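Undergrad: My structure file structure.txt, compact mmCIF, C-alpha atoms, is below:
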# COMPACT_ATOMS: atom_id res chain seq x y z
CA MET A 1 0.00 0.00 0.00
CA SER A 2 3.04 2.28 0.11
CA GLY A 3 2.10 5.60 -1.43
CA HIS A 4 -1.48 4.62 -2.28
CA SER A 5 -3.23 7.48 -0.49
CA HIS A 6 -0.74 9.95 -1.97
CA TRP A 7 -1.42 8.62 -5.47
CA ALA A 8 -5.16 8.93 -4.88
CA THR A 9 -4.63 12.53 -3.76
CA ILE A 10 -2.59 13.29 -6.88
CA ARG A 11 -5.37 11.88 -9.07
CA ARG A 12 -7.93 14.09 -7.35
CA LYS A 13 -5.72 17.19 -7.61
CA LYS A 14 -5.07 16.66 -11.29
CA GLY A 15 -8.81 16.55 -11.80
CA ALA A 16 -8.35 14.87 -15.15
CA ALA A 17 -11.48 12.85 -14.56
CA ASP A 18 -13.52 16.03 -14.10
CA ALA A 19 -13.26 16.60 -17.83
CA LYS A 20 -15.12 13.34 -18.27
CA LYS A 21 -18.10 13.99 -16.01
CA GLY A 22 -20.24 11.58 -18.00
CA ALA A 23 -17.68 8.83 -17.47
CA ILE A 24 -17.54 9.61 -13.75
CA PHE A 25 -21.32 9.35 -13.45
CA THR A 26 -21.23 6.06 -15.35
CA ARG A 27 -18.74 4.59 -12.88
CA LEU A 28 -20.61 5.90 -9.85
CA ALA A 29 -23.87 4.50 -11.20
CA ARG A 30 -22.32 1.09 -11.75
CA GLU A 31 -21.01 1.03 -8.19
CA ILE A 32 -24.54 1.73 -6.97
CA VAL A 33 -26.00 -0.93 -9.28
CA MET A 34 -23.62 -3.62 -8.02
CA ALA A 35 -24.15 -2.66 -4.38
CA ALA A 36 -27.94 -2.77 -4.79
CA ARG A 37 -27.76 -6.04 -6.70
CA ASP A 38 -25.71 -7.73 -3.98
CA GLY A 39 -27.38 -6.32 -0.87
CA GLY A 40 -30.77 -4.90 -1.88
CA GLY A 41 -32.00 -1.40 -2.61
CA ASP A 42 -32.32 -0.12 0.97
CA PRO A 43 -29.22 1.88 1.99
CA GLY A 44 -30.38 1.62 5.60
CA SER A 45 -29.63 -2.10 5.61
CA ASN A 46 -27.06 -2.19 2.78
CA PHE A 47 -23.89 -0.47 3.97
CA ARG A 48 -22.09 -0.86 0.65
CA LEU A 49 -25.00 0.85 -1.11
CA ALA A 50 -25.05 3.66 1.45
CA LEU A 51 -21.37 4.34 0.78
CA ALA A 52 -21.87 4.20 -2.99
CA ILE A 53 -24.72 6.71 -2.78
CA GLU A 54 -22.67 8.96 -0.49
CA LYS A 55 -19.80 8.84 -2.98
CA ALA A 56 -22.16 9.65 -5.85
CA ARG A 57 -23.60 12.65 -4.02
CA ALA A 58 -20.07 13.89 -3.26
CA GLY A 59 -19.41 13.64 -7.00
CA ASN A 60 -22.45 15.85 -7.71
CA MET A 61 -24.34 13.03 -9.40
CA PRO A 62 -28.00 14.04 -9.97
CA LYS A 63 -30.57 12.54 -7.61
CA ASP A 64 -32.54 11.02 -10.51
CA ASN A 65 -29.43 9.19 -11.72
CA ILE A 66 -28.80 7.79 -8.25
CA GLU A 67 -32.38 6.59 -7.82
CA ARG A 68 -32.40 5.03 -11.30
CA ALA A 69 -29.17 3.14 -10.52
CA VAL A 70 -30.65 1.83 -7.26
CA ARG A 71 -33.77 0.58 -9.06
CA ARG A 72 -31.65 -1.04 -11.73
CA GLY A 73 -29.52 -2.89 -9.21
CA ALA A 74 -32.50 -3.96 -7.16
CA GLY A 75 -34.07 -5.53 -10.26
CA GLU A 76 -36.92 -3.03 -10.55
CA ASP A 77 -35.80 -1.92 -14.04
CA LYS A 78 -36.49 -4.98 -16.18
CA ASP A 79 -35.31 -3.34 -19.41
CA ALA A 80 -31.81 -2.50 -18.13
CA ALA A 81 -28.75 -4.33 -19.46
CA ILE A 82 -27.16 -6.86 -17.15
CA ILE A 83 -24.15 -5.46 -15.28
CA GLU A 84 -21.40 -7.75 -13.99
CA GLU A 85 -18.16 -7.45 -12.07
CA ILE A 86 -15.00 -8.91 -13.61
CA THR A 87 -11.42 -8.89 -12.36
CA PHE A 88 -8.58 -9.19 -14.87
CA GLU A 89 -5.04 -10.17 -13.94
CA GLY A 90 -1.80 -9.30 -15.65
CA TYR A 91 1.76 -8.07 -15.54
CA GLY A 92 2.95 -4.61 -16.43
CA PRO A 93 6.47 -3.42 -17.26
CA HIS A 94 9.30 -4.67 -15.01
CA GLY A 95 7.19 -7.58 -13.75
CA ALA A 96 4.73 -5.45 -11.82
CA ALA A 97 1.63 -7.40 -10.79
CA LEU A 98 -1.69 -5.78 -11.75
CA MET A 99 -5.28 -6.56 -10.81
CA VAL A 100 -8.04 -4.71 -12.68
CA ASP A 101 -11.56 -4.62 -11.23
CA CYS A 102 -14.21 -3.82 -13.84
CA VAL A 103 -17.96 -3.24 -13.81
CA THR A 104 -19.46 -3.67 -17.26
CA ASP A 105 -22.56 -4.31 -19.32
CA ASN A 106 -20.47 -5.64 -22.22
CA ARG A 107 -17.84 -8.21 -21.25
CA ASN A 108 -16.35 -8.53 -24.75
CA ARG A 109 -15.82 -4.77 -25.07
CA THR A 110 -14.16 -4.57 -21.67
CA ILE A 111 -11.83 -7.49 -22.33
CA ALA A 112 -10.76 -5.96 -25.65
CA GLU A 113 -10.10 -2.53 -24.11
CA VAL A 114 -8.12 -3.88 -21.14
CA ARG A 115 -6.07 -6.22 -23.36
CA HIS A 116 -5.26 -3.32 -25.69
CA ILE A 117 -3.87 -1.26 -22.81
CA PHE A 118 -1.74 -4.15 -21.56
CA ASN A 119 -0.35 -4.88 -25.02
CA ARG A 120 0.28 -1.24 -25.85
CA SER A 121 2.12 -0.66 -22.57
CA GLY A 122 4.47 -3.63 -22.81
CA GLY A 123 2.54 -5.79 -20.38
CA ASN A 124 0.45 -8.92 -20.76
CA MET A 125 -2.79 -10.31 -19.39
CA ALA A 126 -2.63 -13.53 -17.39
CA GLU A 127 -4.89 -16.45 -16.63
CA ALA A 128 -7.21 -16.25 -13.61
CA GLY A 129 -5.24 -16.99 -10.45
CA ALA A 130 -1.82 -16.43 -12.00
CA VAL A 131 -1.47 -13.02 -10.36
CA GLY A 132 -4.28 -12.93 -7.81
CA TRP A 133 -2.47 -15.13 -5.30
CA GLN A 134 -0.09 -12.22 -4.67
CA PHE A 135 -2.92 -10.09 -3.20
CA ASP A 136 -5.31 -10.20 -0.25
CA ARG A 137 -8.72 -8.55 -0.37
CA LYS A 138 -9.12 -6.17 2.55
CA SER A 139 -11.43 -3.48 3.88
CA TYR A 140 -9.94 -0.05 3.28
CA TYR A 141 -10.70 3.46 4.49
CA SER A 142 -8.76 6.68 3.97
CA PHE A 143 -9.60 10.09 5.45
CA SER A 144 -7.91 13.36 6.36
CA LYS A 145 -6.30 13.94 9.74
CA GLU A 146 -8.44 17.06 10.06
CA GLN A 147 -11.37 14.77 10.83
CA LEU A 148 -9.72 12.56 13.44
CA THR A 149 -6.31 12.35 15.11
CA PHE A 150 -4.14 9.32 14.48
CA ASP A 151 -4.38 8.17 18.11
CA ALA A 152 -8.16 8.40 18.07
CA ALA A 153 -8.31 6.65 14.69
CA PHE A 154 -6.01 3.88 15.92
CA GLU A 155 -8.15 3.21 18.99
CA LEU A 156 -11.37 3.29 16.96
CA ALA A 157 -10.01 1.02 14.25
CA ILE A 158 -8.61 -1.64 16.56
CA GLU A 159 -11.86 -1.79 18.52
CA ALA A 160 -13.74 -2.18 15.22
CA GLY A 161 -11.60 -5.15 14.17
CA ALA A 162 -9.04 -3.53 11.86
CA ASP A 163 -5.64 -5.11 11.21
CA ASP A 164 -3.61 -1.97 10.58
CA VAL A 165 -3.72 1.82 10.82
CA GLN A 166 -1.21 3.86 8.83
CA ASP A 167 -0.14 7.49 9.06
CA SER A 168 0.24 8.62 5.45
CA GLY A 169 1.06 12.28 5.88
CA ASP A 170 -2.19 14.24 5.58
CA GLU A 171 -4.24 11.05 5.46
CA ILE A 172 -4.96 8.16 7.80
CA GLU A 173 -5.50 4.72 6.28
CA ILE A 174 -7.35 1.88 8.01
CA ILE A 175 -7.00 -1.67 6.72
CA GLY A 176 -8.92 -4.66 8.00
CA PRO A 177 -10.50 -7.98 7.10
CA VAL A 178 -13.40 -7.99 4.65
CA GLU A 179 -15.87 -8.95 7.36
CA ALA A 180 -14.94 -5.83 9.38
CA PHE A 181 -15.87 -3.42 6.58
CA LYS A 182 -19.26 -2.41 7.98
CA THR A 183 -18.08 -2.35 11.59
CA ILE A 184 -15.22 0.01 10.77
CA GLY A 185 -17.49 2.17 8.60
CA ASP A 186 -20.11 2.40 11.35
CA ALA A 187 -17.44 3.41 13.87
CA LEU A 188 -16.18 6.16 11.56
CA HIS A 189 -19.72 7.35 10.87
CA ALA A 190 -20.36 7.56 14.63
CA ARG A 191 -17.41 9.96 14.86
CA SER A 192 -18.71 12.01 11.88
CA VAL A 193 -15.76 10.96 9.70
CA THR A 194 -16.38 11.08 5.94
CA PRO A 195 -13.84 8.86 4.11
CA ASP A 196 -12.10 10.17 1.01
CA GLU A 197 -11.88 6.55 -0.12
CA SER A 198 -13.58 3.41 1.12
CA GLY A 199 -14.19 -0.06 -0.18
CA LEU A 200 -12.75 -3.53 -0.55
CA ARG A 201 -9.25 -3.33 -2.01
CA LEU A 202 -6.66 -5.84 -3.16
CA ILE A 203 -3.47 -5.32 -1.19
CA ALA A 204 -0.18 -6.85 -2.28
CA LYS A 205 1.31 -9.41 0.11
CA GLN A 206 4.80 -8.35 -0.96
CA GLU A 207 5.59 -5.03 -2.62
CA LEU A 208 7.98 -4.47 -5.51
CA ASP A 209 10.65 -1.77 -5.11
CA LEU A 210 11.63 -0.27 -8.48
CA PRO A 211 13.75 2.71 -9.59
CA VAL A 212 11.82 5.93 -10.24
CA ASP A 213 11.85 5.63 -14.03
CA ALA A 214 10.60 2.04 -13.84
CA THR A 215 7.89 3.03 -11.37
CA LEU A 216 6.73 5.75 -13.74
CA SER A 217 6.45 3.28 -16.61
CA VAL A 218 4.26 1.03 -14.44
CA MET A 219 2.07 3.94 -13.36
CA LYS A 220 1.60 4.88 -17.01
CA ILE A 221 -0.28 1.64 -17.62
CA VAL A 222 -2.15 2.06 -14.33
CA GLU A 223 -3.33 5.52 -15.42
CA ALA A 224 -4.32 4.25 -18.86
CA LEU A 225 -6.40 1.46 -17.32
CA GLU A 226 -8.02 3.82 -14.82
CA GLU A 227 -9.20 6.03 -17.68
CA LEU A 228 -11.31 3.21 -19.16
CA ASP A 229 -14.99 3.74 -18.41
CA ASP A 230 -15.51 0.12 -17.35
CA VAL A 231 -12.57 0.04 -14.91
CA ALA A 232 -13.51 0.56 -11.26
CA ASN A 233 -10.11 0.00 -9.63
CA VAL A 234 -6.55 -0.92 -10.54
CA PHE A 235 -4.36 -2.52 -7.89
CA HIS A 236 -0.61 -3.11 -8.14
CA ASN A 237 2.32 -4.21 -6.02
CA VAL A 238 4.75 -1.37 -6.74
CA ILE A 239 6.06 0.86 -3.94
CA LEU A 240 5.41 4.52 -4.71
CA SER A 241 8.44 6.30 -3.28
CA ASP A 242 8.43 9.99 -2.44
CA GLU A 243 10.60 10.62 -5.51
CA ALA A 244 8.23 8.72 -7.79
CA LEU A 245 5.19 10.51 -6.33
CA ALA A 246 6.86 13.89 -6.88
CA ALA A 247 7.52 12.95 -10.51
CA LEU A 248 3.93 11.78 -10.96
CA GLU A 249 2.54 14.99 -9.49
CA ALA A 250 4.75 17.08 -11.75
CA ALA A 251 3.77 15.15 -14.88
Would you mind writing the structure in this file as structure tokens?
TA:
Amino acid sequence: MSGHSHWATIRRKKGAADAKKGAIFTRLAREIVMAARDGGGDPGSNFRLALAIEKARAGNMPKDNIERAVRRGAGEDKDAAIIEEITFEGYGPHGAALMVDCVTDNRNRTIAEVRHIFNRSGGNMAEAGAVGWQFDRKSYYSFSKEQLTFDAAFELAIEAGADDVQDSGDEIEIIGPVEAFKTIGDALHARSVTPDESGLRLIAKQELDLPVDATLSVMKIVEALEELDDVANVFHNVILSDEALAALEAA
């Protein structure tokens, strides 16, 4: 996870995605659809859906779009295309391990787009399981220190069942088992903490330390994948050093 919260901050600062508001709304809607499909359309009893709706509102997604996505996921919109979650595995430059979570209504289109990015960037897609064993799926929350001190966050997180709490400069990161996701989220909500990022993430068991120029070449494919409309998250095992982060921010 080294450098993850800093990379997320850089992405937000660059605001490149803001130029693609339609694409942002598409991704947010798909997150809502999948959450409603898996846990029902009531955010009061579906914590994942509540977070997805909160994220959509923070992204200025219109209320009608949010409600339509909830109905679609809950099965109330019979004419809507079927949406599915797919995870692709592969290797980027310098042997970096990559996991690509997608939410799509057209599997063939998504496979073709992801494969094109891998091939163009000097990487290659792999068979299911060939890369995934290098990652663990974990609950993840990130929020600013302005909302809660590290000591208070540490105490809260441990009581809620988290495995780790990290001080990442301006941000605090909480990592825990999948089954602790709601418990940790409820504890943060009780303290009026609004996460900048939250969800289930794939975290590398062992990170890869590369020179700055090699790190930048890996992040180039990560950025290209993240720009695809059907891609929800890209996870990798590369350490983002301070030098690499500075270069990425300056790019």
Undergrad: Pick out the residues sitting within 10 Å of segment 162-166 of chain A, and hand them over as a PDB file with C-alpha atoms, in the frame of the given file; count all atoms listed in the file, and ignore anything fewer than 3 positions along from it in its own chain.
TA:
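Result file follows (result_21.pdb):
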ATOM      1  CA  MET A   1       0.000   0.000   0.000  1.00  0.00           C
ATOM      2  CA  SER A   2       3.040   2.280   0.110  1.00  0.00           C
ATOM      3  CA  LYS A 138      -9.120  -6.170   2.550  1.00  0.00           C
ATOM      4  CA  SER A 139     -11.430  -3.480   3.880  1.00  0.00           C
ATOM      5  CA  TYR A 140      -9.940  -0.050   3.280  1.00  0.00           C
ATOM      6  CA  TYR A 141     -10.700   3.460   4.490  1.00  0.00           C
ATOM      7  CA  SER A 142      -8.760   6.680   3.970  1.00  0.00           C
ATOM      8  CA  PHE A 150      -4.140   9.320  14.480  1.00  0.00           C
ATOM      9  CA  ASP A 151      -4.380   8.170  18.110  1.00  0.00           C
ATOM     10  CA  ALA A 153      -8.310   6.650  14.690  1.00  0.00           C
ATOM     11  CA  PHE A 154      -6.010   3.880  15.920  1.00  0.00           C
ATOM     12  CA  GLU A 155      -8.150   3.210  18.990  1.00  0.00           C
ATOM     13  CA  LEU A 156     -11.370   3.290  16.960  1.00  0.00           C
ATOM     14  CA  ALA A 157     -10.010   1.020  14.250  1.00  0.00           C
ATOM     15  CA  ILE A 158      -8.610  -1.640  16.560  1.00  0.00           C
ATOM     16  CA  GLU A 159     -11.860  -1.790  18.520  1.00  0.00           C
ATOM     17  CA  GLY A 169       1.060  12.280   5.880  1.00  0.00           C
ATOM     18  CA  GLU A 171      -4.240  11.050   5.460  1.00  0.00           C
ATOM     19  CA  ILE A 172      -4.960   8.160   7.800  1.00  0.00           C
ATOM     20  CA  GLU A 173      -5.500   4.720   6.280  1.00  0.00           C
ATOM     21  CA  ILE A 174      -7.350   1.880   8.010  1.00  0.00           C
ATOM     22  CA  ILE A 175      -7.000  -1.670   6.720  1.00  0.00           C
ATOM     23  CA  GLY A 176      -8.920  -4.660   8.000  1.00  0.00           C
ATOM     24  CA  PRO A 177     -10.500  -7.980   7.100  1.00  0.00           C
ATOM     25  CA  VAL A 178     -13.400  -7.990   4.650  1.00  0.00           C
ATOM     26  CA  GLU A 179     -15.870  -8.950   7.360  1.00  0.00           C
ATOM     27  CA  ALA A 180     -14.940  -5.830   9.380  1.00  0.00           C
ATOM     28  CA  PHE A 181     -15.870  -3.420   6.580  1.00  0.00           C
ATOM     29  CA  THR A 183     -18.080  -2.350  11.590  1.00  0.00           C
ATOM     30  CA  ILE A 184     -15.220   0.010  10.770  1.00  0.00           C
TER      31      ILE A 184
END
Undergrad: Please identify all polymer residues within 10 Å of segment 27-30 of chain A, counting all atoms listed in the file, omitting same-chain residues fewer than 3 positions from it, and present them as an NGL selection string.
TA: :A and (21-24 or 33-36 or 52-53 or 55-57 or 59 or 61 or 65-70 or 72-73 or 83-85 or 102-105 or 228-232)
Undergrad: Let me see the file: selected residues, C-alpha atoms, as an mmCIF file, keeping the file's coordinate frame.
TA:
data_model
loop_
_atom_site.group_PDB
_atom_site.id
_atom_site.type_symbol
_atom_site.label_atom_id
_atom_site.label_comp_id
_atom_site.auth_asym_id
_atom_site.auth_seq_id
_atom_site.Cartn_x
_atom_site.Cartn_y
_atom_site.Cartn_z
ATOM 1 C CA LYS A 21 -18.100 13.990 -16.010
ATOM 2 C CA GLY A 22 -20.240 11.580 -18.000
ATOM 3 C CA ALA A 23 -17.680 8.830 -17.470
ATOM 4 C CA ILE A 24 -17.540 9.610 -13.750
ATOM 5 C CA VAL A 33 -26.000 -0.930 -9.280
ATOM 6 C CA MET A 34 -23.620 -3.620 -8.020
ATOM 7 C CA ALA A 35 -24.150 -2.660 -4.380
ATOM 8 C CA ALA A 36 -27.940 -2.770 -4.790
ATOM 9 C CA ALA A 52 -21.870 4.200 -2.990
ATOM 10 C CA ILE A 53 -24.720 6.710 -2.780
ATOM 11 C CA LYS A 55 -19.800 8.840 -2.980
ATOM 12 C CA ALA A 56 -22.160 9.650 -5.850
ATOM 13 C CA ARG A 57 -23.600 12.650 -4.020
ATOM 14 C CA GLY A 59 -19.410 13.640 -7.000
ATOM 15 C CA MET A 61 -24.340 13.030 -9.400
ATOM 16 C CA ASN A 65 -29.430 9.190 -11.720
ATOM 17 C CA ILE A 66 -28.800 7.790 -8.250
ATOM 18 C CA GLU A 67 -32.380 6.590 -7.820
ATOM 19 C CA ARG A 68 -32.400 5.030 -11.300
ATOM 20 C CA ALA A 69 -29.170 3.140 -10.520
ATOM 21 C CA VAL A 70 -30.650 1.830 -7.260
ATOM 22 C CA ARG A 72 -31.650 -1.040 -11.730
ATOM 23 C CA GLY A 73 -29.520 -2.890 -9.210
ATOM 24 C CA ILE A 83 -24.150 -5.460 -15.280
ATOM 25 C CA GLU A 84 -21.400 -7.750 -13.990
ATOM 26 C CA GLU A 85 -18.160 -7.450 -12.070
ATOM 27 C CA CYS A 102 -14.210 -3.820 -13.840
ATOM 28 C CA VAL A 103 -17.960 -3.240 -13.810
ATOM 29 C CA THR A 104 -19.460 -3.670 -17.260
ATOM 30 C CA ASP A 105 -22.560 -4.310 -19.320
ATOM 31 C CA LEU A 228 -11.310 3.210 -19.160
ATOM 32 C CA ASP A 229 -14.990 3.740 -18.410
ATOM 33 C CA ASP A 230 -15.510 0.120 -17.350
ATOM 34 C CA VAL A 231 -12.570 0.040 -14.910
ATOM 35 C CA ALA A 232 -13.510 0.560 -11.260
#
Undergrad: Quick one: distance from atom CA of Phe47 of chain A to atom CA of Lys182 of chain A in Å, one decimal?
TA: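 Atom CA of Lys182 of chain A lies at a distance of 6.4 Å from atom CA of Phe47 of chain A.
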Undergrad: Tell me, in Å to one decimal, how far atom CA of Arg115 of chain A is from atom CA of Ile203 of chain A.
TA: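 Computed distance, atom CA of Arg115 of chain A to atom CA of Ile203 of chain A, equals 22.3 Å.
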Undergrad: Between atom CA of Leu148 of chain A and atom CA of Gly185 of chain A, what is the distance in Å, rounded to a tenth?
TA: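 Straight-line distance from atom CA of Leu148 of chain A to atom CA of Gly185 of chain A works out to 13.8 Å.
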Undergrad: Could you tell me which of A:Lys145, A:Thr87, A:Ile32, A:Pro93 comes closest to Gly123 of chain A if we count only C-alpha atoms?
TA: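 Closest to Gly123 of chain A of all the choices is A:Pro93.
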Undergrad: With all atoms listed in the file as the atoms that count, which of A:Pro62, A:Pro195, A:Gly129, A:Pro43 lies nearest to Ala97 of chain A?
TA: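 When distances to Ala97 of chain A are compared using all atoms listed in the file, the smallest one comes from A:Gly129.
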Undergrad: Assuming 4 Å of padding per side, give the centre and edge lengths of the axis-aligned box around every listed atom of segment 170-183 of chain A, in Å to one decimal and as lines of an AutoDock Vina configuration file.
TA:
center_x = -10.7
center_y = 2.6
center_z = 8.1
size_x = 25.1
size_y = 31.2
size_z = 14.9
Undergrad: Using only C-alpha atoms, can you tell me which of A:Met99, A:Val222, A:Leu49, A:Leu248 comes closest to Ala74 of chain A?
TA: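 With only C-alpha atoms as the atom set, the closest residue is A:Leu49.
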Undergrad: Show me, as a list in words, the residues that have an atom within 8 Å of Gln134 of chain A when counting all atoms listed in the file, minus same-chain residues fewer than 6 positions from it.
TA: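 With the cut-off at 8 Å, the set is Ala97, Ala204, Lys205 and Gln206 of chain A.
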